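Q: Let me give you the structure first, and then I'll get to my questions.
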Amino acid sequence: MEQEKMSASPAEERECFERVWRRVMPEDRPDCPFRLYSDIDREGPPPAQESAPAAEREEDLAQEETDAPVGEGERLQAMIARALFAQRTYRALARRTRGGAAQTLGAMAAEEQCHARRLSAAYFILSGVRFTPQVPLELPGGGDLAGALRSRFLEERREEQACRAAAGATGEESLAELYRALGDAAGERVQRLRRLLEEQF
């Protein structure tokens with residue numbers, strides 16, 4: 001006949017565990033992760049660490065993922081807006097001209113659209129946000145073709161300088177390479193606009 005096993009009560013199990021534990025670990029150590037029930041009953045549970053609400057933690061995590069250096073993000077946004085404005089301006093000017101001038105201005109419009117896409121991709125990689133500015137079209141030069149070309153000539157010179165300055169200021173080599181390429185392209189447009197202006201006289 002099988003002998004029935006007596007099961008110990010939870011209190012007896014705790015007492016037995018503590019007795020055995022004290023033989024192994026007679027003194028409490030700060031690097032030990034365990035605490036005995038009697039110690040907890042006597043001292044109380046350890047103070048709970050305050051944690052931010054779940055919504056705040058999620059917001060902090062999202063902020064970490066989407067944070068971009070403020071100066072770099074603002075610079076990219078401004079460059080995207082300028083490229084889109086230039087694209088629309090060159091396209092409008094191309095419609096007002098014919099022959100080689102129209103082809104040159106149309107090609108510059110396509111270049112600016114490509115630059116806006118490259119800058120937008122760089123901004124998305126940096127921030128995780130799609131940036132699509134609303135760009136109004138206002139032809140420079142008061143409607144005069146020569147005046148409009150002169151305004152774009154001066155703007156492209158400023159853009160070339162801004163791109164080269166951005167390339168020297170950024171700490172990201174991939175962005176510096178992009179800024180240098182855009183600066184070179186702006187310098188080429190300066191020369192093409194100069195030739196178009198020469199044809200006006």
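All residue names refer to the structure tokens as shown: chains lettered A, B, ... in order, residues numbered from 1 in each chain, ligands numbered from 1 in order.
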Near region 90-103 of chain A, counting only C-alpha atoms, which residues have an atom at most 10 Å away, once you skip same-chain residues fewer than 5 positions from it, shown as a tab-separated table (two decimals) with N, CA, C and O atoms, in the first residue's frame?

A:
chain	number	residue	atom	x	y	z
A	84	LEU	N	11.71	73.51	-55.89
A	84	LEU	CA	10.38	73.41	-56.49
A	84	LEU	C	9.94	74.74	-57.09
A	84	LEU	O	9.31	74.77	-58.17
A	85	PHE	N	10.27	75.85	-56.41
A	85	PHE	CA	9.93	77.16	-56.96
A	85	PHE	C	10.68	77.39	-58.27
A	85	PHE	O	10.11	77.88	-59.26
A	108	MET	N	16.31	72.91	-67.53
A	108	MET	CA	16.60	73.37	-66.18
A	108	MET	C	15.43	73.09	-65.25
A	108	MET	O	15.63	72.78	-64.06
A	109	ALA	N	14.21	73.18	-65.76
A	109	ALA	CA	13.04	72.83	-64.95
A	109	ALA	C	13.09	71.36	-64.54
A	109	ALA	O	12.81	71.01	-63.39
A	110	ALA	N	13.47	70.49	-65.50
A	110	ALA	CA	13.58	69.06	-65.19
A	110	ALA	C	14.68	68.81	-64.17
A	110	ALA	O	14.53	67.96	-63.27
A	111	GLU	N	15.79	69.53	-64.28
A	111	GLU	CA	16.88	69.38	-63.31
A	111	GLU	C	16.42	69.74	-61.90
A	111	GLU	O	16.71	69.02	-60.94
A	112	GLU	N	15.71	70.87	-61.80
A	112	GLU	CA	15.26	71.31	-60.48
A	112	GLU	C	14.26	70.32	-59.87
A	112	GLU	O	14.26	70.11	-58.66
A	137	LEU	N	3.55	80.21	-57.45
A	137	LEU	CA	4.34	80.64	-58.61
A	137	LEU	C	4.18	82.14	-58.78
A	137	LEU	O	3.07	82.65	-58.91
A	138	GLU	N	5.28	82.83	-58.73
A	138	GLU	CA	5.27	84.27	-58.96
A	138	GLU	C	6.48	84.58	-59.82
A	138	GLU	O	7.62	84.56	-59.36
A	139	LEU	N	6.24	84.84	-61.10
A	139	LEU	CA	7.35	85.06	-62.01
A	139	LEU	C	8.11	86.32	-61.63
A	139	LEU	O	7.52	87.37	-61.42
A	143	GLY	N	7.24	90.27	-65.18
A	143	GLY	CA	6.68	89.82	-66.46
A	143	GLY	C	7.62	89.99	-67.63
A	143	GLY	O	7.36	89.48	-68.72
A	145	LEU	N	10.83	89.11	-69.75
A	145	LEU	CA	11.65	87.90	-69.86
A	145	LEU	C	13.08	88.16	-69.41
A	145	LEU	O	13.65	87.38	-68.63
A	148	ALA	N	13.17	88.50	-65.72
A	148	ALA	CA	12.98	87.20	-65.06
A	148	ALA	C	14.26	86.37	-65.12
A	148	ALA	O	14.64	85.73	-64.13
A	149	LEU	N	14.93	86.39	-66.26
A	149	LEU	CA	16.18	85.63	-66.39
A	149	LEU	C	17.26	86.21	-65.47
A	149	LEU	O	18.04	85.46	-64.87
A	152	ARG	N	16.60	85.04	-61.93
A	152	ARG	CA	17.01	83.65	-61.76
A	152	ARG	C	18.54	83.53	-61.75
A	152	ARG	O	19.10	82.72	-61.01
A	192	ARG	N	24.44	79.05	-68.07
A	192	ARG	CA	23.41	78.95	-69.11
A	192	ARG	C	22.50	80.17	-69.10
A	192	ARG	O	22.09	80.67	-70.15
A	193	LEU	N	22.17	80.66	-67.91
A	193	LEU	CA	21.34	81.86	-67.83
A	193	LEU	C	22.08	83.08	-68.37
A	193	LEU	O	21.47	83.95	-69.01
A	195	ARG	N	24.21	83.03	-70.80
A	195	ARG	CA	24.13	82.94	-72.27
A	195	ARG	C	22.74	83.32	-72.77
A	195	ARG	O	22.60	83.98	-73.80
A	196	LEU	N	21.68	82.89	-72.03
A	196	LEU	CA	20.33	83.28	-72.45
A	196	LEU	C	20.14	84.80	-72.36
A	196	LEU	O	19.47	85.39	-73.22
A	197	LEU	N	20.71	85.42	-71.35
A	197	LEU	CA	20.59	86.85	-71.22
A	197	LEU	C	21.35	87.57	-72.35
A	197	LEU	O	20.90	88.60	-72.86
A	199	GLU	N	21.62	86.59	-75.29
A	199	GLU	CA	20.81	86.51	-76.50
A	199	GLU	C	19.70	87.54	-76.52
A	199	GLU	O	19.12	87.80	-77.58

Q: Sorted by chain and rising residue number, which residues of region 95-129 of chain A lie within 8 Å of region 70-75 of chain A, and what are their closest atom pairs and distances in Å to one decimal, counting only C-alpha atoms, as CSV?

A:
residue,atom,partner,partner_atom,distance
A:Tyr123,CA,A:Gly73,CA,6.6
A:Leu126,CA,A:Gly73,CA,7.6
A:Ser127,CA,A:Gly73,CA,7.5

Q: One decimal, Å: what's the distance from CA of Ala83 (chain A) over to CA of Gln200 (chain A), could you say?

A: 25.0 Å

Q: How many Å lie between CA of Arg180 (chain A) and CA of Cys163 (chain A), rounded to one decimal?

A: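 CA of Arg180 (chain A) sits 6.3 Å away from CA of Cys163 (chain A).
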
Q: Mind giving me the straight-line distance from CA of Glu188 (chain A) to CA of Ala122 (chain A) in Å, one decimal?

A: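 Distance reported for this atom pair: 22.4 Å.
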
Q: With only C-alpha atoms as the basis for distance, which of A:Ala78, A:Ala176, A:Cys114, A:Thr170 is at the shortest distance from Phe131 (chain A)?

A: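 So, comparing all the options, the nearest one is A:Ala78.
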
Q: Could you check the closest approach to Glu177 (chain A) for each of A:Ile125, A:Leu154, A:Val135, A:Leu119 and tell me which residue wins, using only C-alpha atoms?

A: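 Distance minimum relative to Glu177 (chain A) lands on A:Leu119.
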
Q: Give me the residues within 12 Å of Pro136 (chain A) as a list in words, counting only C-alpha atoms and dropping any in the same chain fewer than 4 places off.

A: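 Skipping anything fewer than 4 positions along the chain leaves Ala81, Arg82, Leu84, Phe85, Ala86, Gln87, Arg88 and Thr89 of chain A.
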